[in-house]
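Q: Okay, here's the structure, questions in a sec.
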Amino acid sequence: MGGAGILLFLLAWAGAGVAWSPPKGKCPPRCSCSKENTLCEGSPELPESFSTTLLSLSLVRMGVSRLKAGSFLKMPSLHLLLFTSNTFSVIEGDAFIGLSYLQYLFIEDNKIGSISKNALRGLRSLTHLSLANNHLEALPRFLFRGLETLTHVDLRGNPFQCDCRVLWLLQWMPTVNASVGTGACAGPPAVAQLQLNHLDPKKFKCRATELSWLQTVGESALSVESFSYQGEPHMVLAQPFAGRCLILVWDYSLQRFRPEEELSAPSVVSCKPLVLGPRLFILAARLWGGSQLWSRSSPDLRLTPVQVLAPQRLLRPNDAELLWLDGQPCFVVADASKAGSTTLLCRDGPGFYPRQSLHAWHRDTDAEALELDGRPHLLLASASQRPVLFHWISGRFERRTDIPEAEDVYATKHFQAGGDVFLCLTRYIGDSMVMRWDGSMFRLLQQLPSRGSHVFQPLLIARDQLAILGSDFAFSQVFRFESEKGILEPLQELGPPALVAPRAFAQVTVAGRRFLFAACFKGPTQIYQHHELDLSA
């Protein structure tokens, strides 16, 4: 409502059988008063001495700089309150507290740049609200909370910045039975001059992700895995210099992770857990002394070594993975020695025994189990050739294809998004790669600079598909998969503290909180907490 409209509204209000004559009592300076209506112009302060039966108050060109809490407590009978052409720029919380009968509130053509989210609290009878023609770039969320009787809202003429700060307003408007005039956006440039109510809330990207440091676990580690046992989340670290597999649990009283049990495993490179009902297995892949299988038959017992695994085949294990084949659990252990061979071990009775030797003489550095076209597949990376993809046919793995343009790949990890299968390929120096399965082959999608990388780990944390590219010489980089673009976009660096030669990442959720573990070869394991930030708040 413009100045002329306000004047007509006031004349109509005043002319409804009410004569403009001096009221009983004192009329404040620079005010024109009747029994039920008052208009004040040019007063340096907010007038207070009014009739207790005052229904309408108009304040024009006042000298106050802000509307403070409780400014109108002495006027509880007001039905209409108007501000126009004033210089105040701030409206504090509870500025209109006590005006439970107020129906019309017009705050127009002023210089308001800031309004508290609680400024309108208590206006339970308000039907008409106008904040038109001010300097508001955004409105605080919950500003209209409790205003159930609103029928008309005018926000036009404000330089709204139509970024995440207006998202809540766009989501609120369709939920109320009020006519809302919003006007055009003043920025950002991409949406300047567009009508605010024409914007699509679904196109706003107002959720941010942050990983903040929480805890350090002493001793270096080469691998980290999460598993759930008896309904409780657990983590297991392969710590070669400490010579152990270290199992961690969450301490609910201290609000941090603490050791639960450790397994003696000198020169261990991977500790792979498997839970079968009450039984827990840990495969400890070791460089020297033979790889071992540890087992716990019930929760009240400790883990004990039960088997030495394929001592003639596993000469220098570098990685171990768990997979299920024909309904049975199996481990595949990648062997990096020239004389050894990557070996598939499947459960047979009480232990796990060799089922198949794969890729002999190729010095495999990594194994990755995945499903393609509804069938189990295995991808092996090695120091001597491009990664090779095997598929499970008639009870054994057969070579299917290799990955073109993928020389010097140290490790591979996969993730799924939007029905597609993607592959993260780690290269120590050069460019690590992201590829997508096209139904017959993995095709190059994206390249990311690698500076001393041994791990490029995808992780699904809450709603975020992340991928972390580790570095021995710089900060490790966290990327987030953007489904609309179909690529990974930079999110943040991990640190401080900086990760020293990271080798593996894993995530775990405990009591509604999400954590990221970073196992480092030349420094302690670092634990981060995952936070979701609402930028529209």
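Residue numbering restarts at 1 in every chain; chains get A, B, ... in the order shown in the structure tokens, and ligands count up from 1 in that same order.
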Near stretch 103-106 of chain A, within 8 Å and counting only C-alpha atoms, which residues show up once chain neighbours fewer than 4 positions away are dropped, as a PyMOL selection string?
A: chain A and resi 79-84+125-131
Q: Residues as selected, N, CA, C and O atoms, written as a PDB file, in the first residue's frame, can you do that?
A:
ATOM      1  N   HIS A  79      -5.881  -1.354  17.166  1.00  0.00           N
ATOM      2  CA  HIS A  79      -6.294  -2.240  16.090  1.00  0.00           C
ATOM      3  C   HIS A  79      -5.498  -1.975  14.818  1.00  0.00           C
ATOM      4  O   HIS A  79      -5.371  -2.870  13.988  1.00  0.00           O
ATOM      5  N   LEU A  80      -4.980  -0.750  14.691  1.00  0.00           N
ATOM      6  CA  LEU A  80      -4.206  -0.384  13.507  1.00  0.00           C
ATOM      7  C   LEU A  80      -2.968   0.388  13.939  1.00  0.00           C
ATOM      8  O   LEU A  80      -3.052   1.296  14.766  1.00  0.00           O
ATOM      9  N   LEU A  81      -1.827   0.047  13.354  1.00  0.00           N
ATOM     10  CA  LEU A  81      -0.576   0.730  13.637  1.00  0.00           C
ATOM     11  C   LEU A  81       0.160   0.922  12.312  1.00  0.00           C
ATOM     12  O   LEU A  81       0.372  -0.034  11.564  1.00  0.00           O
ATOM     13  N   LEU A  82       0.515   2.199  12.049  1.00  0.00           N
ATOM     14  CA  LEU A  82       1.144   2.520  10.768  1.00  0.00           C
ATOM     15  C   LEU A  82       2.423   3.299  10.990  1.00  0.00           C
ATOM     16  O   LEU A  82       2.472   4.219  11.813  1.00  0.00           O
ATOM     17  N   PHE A  83       3.479   2.902  10.250  1.00  0.00           N
ATOM     18  CA  PHE A  83       4.744   3.636  10.217  1.00  0.00           C
ATOM     19  C   PHE A  83       5.045   3.964   8.762  1.00  0.00           C
ATOM     20  O   PHE A  83       5.030   3.070   7.908  1.00  0.00           O
ATOM     21  N   THR A  84       5.365   5.224   8.479  1.00  0.00           N
ATOM     22  CA  THR A  84       5.760   5.569   7.115  1.00  0.00           C
ATOM     23  C   THR A  84       6.742   6.725   7.134  1.00  0.00           C
ATOM     24  O   THR A  84       6.667   7.619   7.990  1.00  0.00           O
ATOM     25  N   SER A 125      -4.020 -11.517  16.428  1.00  0.00           N
ATOM     26  CA  SER A 125      -5.200 -11.083  15.681  1.00  0.00           C
ATOM     27  C   SER A 125      -4.845 -10.436  14.348  1.00  0.00           C
ATOM     28  O   SER A 125      -5.734  -9.962  13.631  1.00  0.00           O
ATOM     29  N   LEU A 126      -3.563 -10.390  13.995  1.00  0.00           N
ATOM     30  CA  LEU A 126      -3.111  -9.659  12.813  1.00  0.00           C
ATOM     31  C   LEU A 126      -3.642 -10.297  11.526  1.00  0.00           C
ATOM     32  O   LEU A 126      -3.475 -11.496  11.304  1.00  0.00           O
ATOM     33  N   THR A 127      -4.262  -9.471  10.676  1.00  0.00           N
ATOM     34  CA  THR A 127      -4.759  -9.950   9.381  1.00  0.00           C
ATOM     35  C   THR A 127      -4.005  -9.312   8.218  1.00  0.00           C
ATOM     36  O   THR A 127      -3.833  -9.940   7.176  1.00  0.00           O
ATOM     37  N   HIS A 128      -3.600  -8.041   8.369  1.00  0.00           N
ATOM     38  CA  HIS A 128      -2.910  -7.326   7.296  1.00  0.00           C
ATOM     39  C   HIS A 128      -1.524  -6.888   7.781  1.00  0.00           C
ATOM     40  O   HIS A 128      -1.428  -6.220   8.814  1.00  0.00           O
ATOM     41  N   LEU A 129      -0.498  -7.262   7.020  1.00  0.00           N
ATOM     42  CA  LEU A 129       0.868  -6.878   7.351  1.00  0.00           C
ATOM     43  C   LEU A 129       1.561  -6.366   6.101  1.00  0.00           C
ATOM     44  O   LEU A 129       1.514  -7.011   5.047  1.00  0.00           O
ATOM     45  N   SER A 130       2.202  -5.212   6.229  1.00  0.00           N
ATOM     46  CA  SER A 130       2.979  -4.688   5.114  1.00  0.00           C
ATOM     47  C   SER A 130       4.354  -4.258   5.608  1.00  0.00           C
ATOM     48  O   SER A 130       4.469  -3.489   6.570  1.00  0.00           O
ATOM     49  N   LEU A 131       5.380  -4.770   4.927  1.00  0.00           N
ATOM     50  CA  LEU A 131       6.764  -4.350   5.149  1.00  0.00           C
ATOM     51  C   LEU A 131       7.327  -3.772   3.852  1.00  0.00           C
ATOM     52  O   LEU A 131       8.527  -3.808   3.595  1.00  0.00           O
TER      53      LEU A 131
END
Q: List as number ranges by chain the protein and nucleic acid residues near stretch 47-51 of chain A, meaning an atom at most 9 Å away when only C-alpha atoms are counted, but skip any in the same chain fewer than 3 places from it.
A: A: 23-29, 31, 33-36, 38, 40, 43-44, 54, 71-72, 74-75
Q: For the residues selected in the previous step, produce a file with all heavy atoms as a compact mmCIF listing (two decimals), in the first residue's frame.
A:
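File result00.txt, as written:
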# COMPACT_ATOMS: atom_id res chain seq x y z
N PRO A 23 -9.06 14.40 22.59
CA PRO A 23 -9.49 13.41 23.57
C PRO A 23 -9.33 13.94 24.97
O PRO A 23 -8.68 14.95 25.22
CB PRO A 23 -8.52 12.25 23.33
CG PRO A 23 -7.26 12.94 22.89
CD PRO A 23 -7.70 14.13 22.10
N LYS A 24 -9.97 13.23 25.90
CA LYS A 24 -9.75 13.55 27.30
C LYS A 24 -8.34 13.12 27.67
O LYS A 24 -7.90 12.04 27.32
CB LYS A 24 -10.76 12.80 28.16
CG LYS A 24 -12.20 13.26 27.95
CD LYS A 24 -13.14 12.48 28.84
CE LYS A 24 -14.60 12.94 28.62
NZ LYS A 24 -15.54 12.20 29.47
N GLY A 25 -7.61 13.95 28.36
CA GLY A 25 -6.23 13.65 28.69
C GLY A 25 -5.30 14.41 27.76
O GLY A 25 -5.70 15.19 26.91
N LYS A 26 -3.99 14.13 27.91
CA LYS A 26 -2.97 14.88 27.18
C LYS A 26 -2.70 14.25 25.82
O LYS A 26 -2.56 13.05 25.70
CB LYS A 26 -1.70 14.89 28.02
CG LYS A 26 -0.57 15.70 27.40
CD LYS A 26 0.65 15.68 28.31
CE LYS A 26 1.79 16.48 27.69
NZ LYS A 26 2.99 16.45 28.56
N CYS A 27 -2.58 15.07 24.79
CA CYS A 27 -2.17 14.61 23.46
C CYS A 27 -0.69 14.95 23.31
O CYS A 27 -0.27 16.09 23.53
CB CYS A 27 -2.98 15.32 22.37
SG CYS A 27 -2.60 14.77 20.69
N PRO A 28 0.16 13.97 22.94
CA PRO A 28 1.60 14.21 22.87
C PRO A 28 1.93 15.32 21.88
O PRO A 28 1.18 15.57 20.92
CB PRO A 28 2.17 12.88 22.40
CG PRO A 28 1.13 11.87 22.78
CD PRO A 28 -0.17 12.57 22.63
N PRO A 29 3.04 16.00 22.08
CA PRO A 29 3.47 17.03 21.12
C PRO A 29 3.62 16.44 19.73
O PRO A 29 3.98 15.29 19.56
CB PRO A 29 4.82 17.50 21.67
CG PRO A 29 4.80 17.12 23.13
CD PRO A 29 3.98 15.89 23.22
N CYS A 31 1.41 15.65 17.64
CA CYS A 31 0.41 14.63 17.34
C CYS A 31 -0.96 15.28 17.22
O CYS A 31 -1.26 16.29 17.88
CB CYS A 31 0.36 13.56 18.42
SG CYS A 31 1.87 12.60 18.58
N CYS A 33 -4.83 14.22 17.81
CA CYS A 33 -5.48 13.13 18.53
C CYS A 33 -6.99 13.26 18.52
O CYS A 33 -7.53 14.37 18.57
CB CYS A 33 -5.00 13.11 19.99
SG CYS A 33 -3.22 13.04 20.20
N SER A 34 -7.64 12.15 18.46
CA SER A 34 -9.07 12.03 18.76
C SER A 34 -9.19 10.96 19.82
O SER A 34 -8.19 10.41 20.29
CB SER A 34 -9.86 11.67 17.51
OG SER A 34 -9.62 10.34 17.14
N LYS A 35 -10.41 10.61 20.15
CA LYS A 35 -10.61 9.62 21.19
C LYS A 35 -10.02 8.27 20.81
O LYS A 35 -9.46 7.57 21.66
CB LYS A 35 -12.10 9.48 21.49
CG LYS A 35 -12.41 8.48 22.61
CD LYS A 35 -13.90 8.43 22.88
CE LYS A 35 -14.21 7.44 23.99
NZ LYS A 35 -15.66 7.34 24.25
N GLU A 36 -10.11 7.92 19.52
CA GLU A 36 -9.70 6.58 19.10
C GLU A 36 -8.59 6.57 18.05
O GLU A 36 -8.09 5.52 17.70
CB GLU A 36 -10.91 5.81 18.55
CG GLU A 36 -11.99 5.58 19.60
CD GLU A 36 -13.19 4.86 19.04
OE1 GLU A 36 -13.30 4.79 17.79
OE2 GLU A 36 -14.00 4.36 19.83
N THR A 38 -4.94 8.61 16.42
CA THR A 38 -3.87 9.58 16.60
C THR A 38 -2.90 9.50 15.43
O THR A 38 -2.55 8.40 14.97
CB THR A 38 -3.11 9.31 17.92
OG1 THR A 38 -3.99 9.54 19.01
CG2 THR A 38 -1.91 10.24 18.06
N CYS A 40 0.92 11.13 14.50
CA CYS A 40 2.07 11.88 14.99
C CYS A 40 3.08 12.03 13.86
O CYS A 40 3.36 11.08 13.14
CB CYS A 40 2.72 11.18 16.17
SG CYS A 40 1.62 10.94 17.60
N SER A 43 8.10 13.58 15.45
CA SER A 43 8.51 13.51 16.85
C SER A 43 9.88 12.86 16.97
O SER A 43 10.16 11.86 16.30
CB SER A 43 7.48 12.70 17.66
OG SER A 43 7.93 12.53 19.00
N PRO A 44 10.78 13.42 17.82
CA PRO A 44 12.11 12.82 17.96
C PRO A 44 12.09 11.51 18.74
O PRO A 44 13.05 10.74 18.69
CB PRO A 44 12.91 13.89 18.72
CG PRO A 44 11.87 14.64 19.48
CD PRO A 44 10.63 14.65 18.63
N LEU A 54 -7.37 4.06 22.57
CA LEU A 54 -6.85 4.35 21.24
C LEU A 54 -6.91 3.10 20.36
O LEU A 54 -6.48 2.02 20.74
CB LEU A 54 -5.40 4.82 21.36
CG LEU A 54 -4.73 5.32 20.07
CD1 LEU A 54 -5.38 6.60 19.60
CD2 LEU A 54 -3.24 5.53 20.30
N SER A 71 7.66 -1.59 22.97
CA SER A 71 7.47 -0.17 22.64
C SER A 71 6.02 0.28 22.74
O SER A 71 5.75 1.48 22.89
CB SER A 71 7.97 0.11 21.21
OG SER A 71 9.37 -0.04 21.13
N PHE A 72 5.06 -0.68 22.71
CA PHE A 72 3.65 -0.28 22.67
C PHE A 72 2.83 -0.92 23.77
O PHE A 72 1.62 -1.10 23.64
CB PHE A 72 3.07 -0.63 21.29
CG PHE A 72 3.81 0.00 20.15
CD1 PHE A 72 4.83 -0.69 19.51
CD2 PHE A 72 3.53 1.30 19.76
CE1 PHE A 72 5.54 -0.10 18.48
CE2 PHE A 72 4.24 1.89 18.74
CZ PHE A 72 5.24 1.19 18.08
N LYS A 74 1.78 0.34 26.45
CA LYS A 74 0.77 1.23 27.02
C LYS A 74 -0.40 1.47 26.07
O LYS A 74 -1.25 2.30 26.35
CB LYS A 74 1.43 2.57 27.39
CG LYS A 74 2.50 2.43 28.47
CD LYS A 74 3.11 3.78 28.83
CE LYS A 74 4.18 3.64 29.91
NZ LYS A 74 4.80 4.95 30.27
N MET A 75 -0.44 0.76 24.96
CA MET A 75 -1.52 0.95 23.97
C MET A 75 -2.15 -0.40 23.63
O MET A 75 -2.22 -0.79 22.46
CB MET A 75 -0.96 1.59 22.70
CG MET A 75 -0.09 2.81 22.96
SD MET A 75 0.82 3.32 21.50
CE MET A 75 2.29 4.00 22.23
Q: Identify, on the basis of only C-alpha atoms, every residue whose closest approach to A:Gly183 does not exceed 7 Å; exclude the query and any residue fewer than 2 positions from it along the same chain; express the result as a list in words.
A: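 Near A:Gly183, the qualifying residues are Leu155, Arg156, Gly157, Gly181, Cys185, Gln195 and Leu196 of chain A.
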Q: Pick the closest to A:Asp326 from A:Tyr101, A:Phe422, A:Trp437, A:Trp392: which is it, counting only C-alpha atoms?
A: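 Of A:Tyr101, A:Phe422, A:Trp437, A:Trp392, the one nearest A:Asp326 is A:Trp392, counting only C-alpha atoms.
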Q: Env of A:Ser89: 9 Å cut, atoms = only C-alpha atoms, seq-sep filter 6 positions within chain, self excluded. Answer as a list of chain:residue names.
A: A:Ser65, A:Arg66, A:Leu67, A:Asn110, A:Lys111, A:Ile112, A:Gly113, A:Ser114, A:Ile115, A:Asn134, A:His135
Q: Write out as a ChimeraX atom specification the set of residues from stretch 140-241 of chain A that DSSP, computed on the backbone, places in strand (DSSP E or B).
A: /A:152-154,161,179-181,184,187,195,207-217,223-229,232-239
Q: For each of A:Leu276, A:Ser357, A:Asp366, A:Lys205, take the minimum atom-to-atom distance to A:Pro329, counting only C-alpha atoms, then give the residue where this is smallest.
A: A:Leu276
Q: Could you give me, as a JSON list (two decimals) with C-alpha atoms, in the first residue's frame, the residues within 10 Å of A:Gln312, counting only C-alpha atoms and dropping anything in the same chain fewer than 2 positions from it?
A:
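Just written: out-v2.json:
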[["chain", "number", "residue", "atom", "x", "y", "z"],
["A", 290, "GLY", "CA", 51.35, -65.77, 7.63],
["A", 309, "LEU", "CA", 45.33, -68.81, 5.67],
["A", 310, "ALA", "CA", 46.90, -70.23, 2.46],
["A", 314, "LEU", "CA", 49.69, -65.40, 0.27],
["A", 315, "LEU", "CA", 53.30, -64.28, 0.32],
["A", 339, "ALA", "CA", 55.80, -65.27, -6.84],
["A", 340, "GLY", "CA", 52.45, -65.09, -5.05],
["A", 341, "SER", "CA", 48.94, -64.88, -6.42]]
Q: Which residues are close to stretch 500-503 of chain A, i.e. within 7 Å by only C-alpha atoms, leaving aside same-chain residues fewer than 2 positions away? Reply as a PyMOL selection string.
A: chain A and resi 222-223+454-455+470-472+498+518-523
Q: Print the selection's residues with C-alpha atoms to a file, as a compact mmCIF listing (two decimals), in the first residue's frame.
A:
# COMPACT_ATOMS: atom_id res chain seq x y z
CA LEU A 222 47.05 -48.96 6.89
CA SER A 223 43.35 -49.83 6.85
CA HIS A 454 47.33 -44.12 -2.38
CA VAL A 455 43.58 -43.86 -1.77
CA GLY A 470 44.32 -38.69 -0.16
CA SER A 471 47.73 -37.09 -0.59
CA ASP A 472 51.17 -37.70 0.89
CA ALA A 498 46.77 -32.52 8.37
CA ALA A 518 41.17 -41.52 8.30
CA ALA A 519 43.88 -44.20 8.68
CA CYS A 520 47.37 -42.76 8.12
CA PHE A 521 50.61 -44.64 7.46
CA LYS A 522 53.01 -42.01 8.82
CA GLY A 523 50.85 -40.46 11.51
Q: Please identify all polymer residues within 9 Å of A:Glu371, counting only C-alpha atoms, omitting same-chain residues fewer than 6 positions from it, and present them as an NGL selection string.
A: :A and (377-378 or 391 or 421)
Q: Any chance you could export the current selection's all heavy atoms as a short mmCIF file (atom, residue, chain, number, x, y, z; two decimals), in the first residue's frame?
A:
data_model
loop_
_atom_site.label_atom_id
_atom_site.label_comp_id
_atom_site.auth_asym_id
_atom_site.auth_seq_id
_atom_site.Cartn_x
_atom_site.Cartn_y
_atom_site.Cartn_z
N HIS A 377 31.26 -59.27 -9.59
CA HIS A 377 32.46 -58.96 -10.36
C HIS A 377 33.60 -58.66 -9.39
O HIS A 377 33.38 -58.31 -8.23
CB HIS A 377 32.24 -57.76 -11.28
CG HIS A 377 31.46 -58.07 -12.53
ND1 HIS A 377 30.14 -58.43 -12.50
CD2 HIS A 377 31.83 -58.06 -13.85
CE1 HIS A 377 29.70 -58.65 -13.73
NE2 HIS A 377 30.72 -58.42 -14.57
N LEU A 378 34.80 -58.80 -9.90
CA LEU A 378 35.99 -58.51 -9.11
C LEU A 378 36.96 -57.73 -9.98
O LEU A 378 37.24 -58.10 -11.12
CB LEU A 378 36.65 -59.82 -8.64
CG LEU A 378 37.90 -59.69 -7.77
CD1 LEU A 378 37.56 -59.04 -6.44
CD2 LEU A 378 38.52 -61.07 -7.55
N HIS A 391 34.36 -61.60 -13.93
CA HIS A 391 32.96 -61.85 -13.55
C HIS A 391 32.80 -63.31 -13.12
O HIS A 391 33.54 -64.20 -13.55
CB HIS A 391 31.99 -61.46 -14.66
CG HIS A 391 32.23 -62.11 -15.99
ND1 HIS A 391 31.33 -62.05 -17.02
CD2 HIS A 391 33.28 -62.85 -16.46
CE1 HIS A 391 31.80 -62.70 -18.07
NE2 HIS A 391 32.98 -63.19 -17.75
N VAL A 421 26.87 -47.11 -11.98
CA VAL A 421 28.03 -47.55 -11.19
C VAL A 421 29.23 -46.72 -11.62
O VAL A 421 29.55 -46.63 -12.82
CB VAL A 421 28.31 -49.04 -11.39
CG1 VAL A 421 29.56 -49.46 -10.61
CG2 VAL A 421 27.11 -49.88 -10.96
#
Q: State, in Å with one decimal place, the distance from atom CA of A:Tyr353 to atom CA of A:Ser267.
A: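 Going from atom CA of A:Tyr353 over to atom CA of A:Ser267, I get 21.9 Å.
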Q: Considering only C-alpha atoms, state which residue in the set A:Leu248, A:Leu459, A:Leu57, A:Leu211 is at the smallest distance from A:Glu232.
A: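 So, comparing all the options, the nearest one is A:Leu248.
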Q: For A:Arg296, which of A:Leu491, A:Ala265, A:Val275, A:Leu46 is the closest residue, counting only C-alpha atoms?
A: A:Val275
Q: Rounded to one decimal, what separation in Å do you get between atom CA of A:Ala178 and atom CA of A:Phe142?
A: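 Separation between atom CA of A:Ala178 and atom CA of A:Phe142: 15.8 Å.
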Q: Check the smallest atom-to-atom distance from each of A:Met173, A:Leu303, A:Ile91, A:Leu214 to A:Ile247 using only C-alpha atoms, then report the winner.
A: A:Leu303
Q: Calculated over only C-alpha atoms, which of the candidates A:Val308, A:Ala334, A:Ala95, A:Ala467 has the smallest distance to A:Ser270?
A: A:Ala334
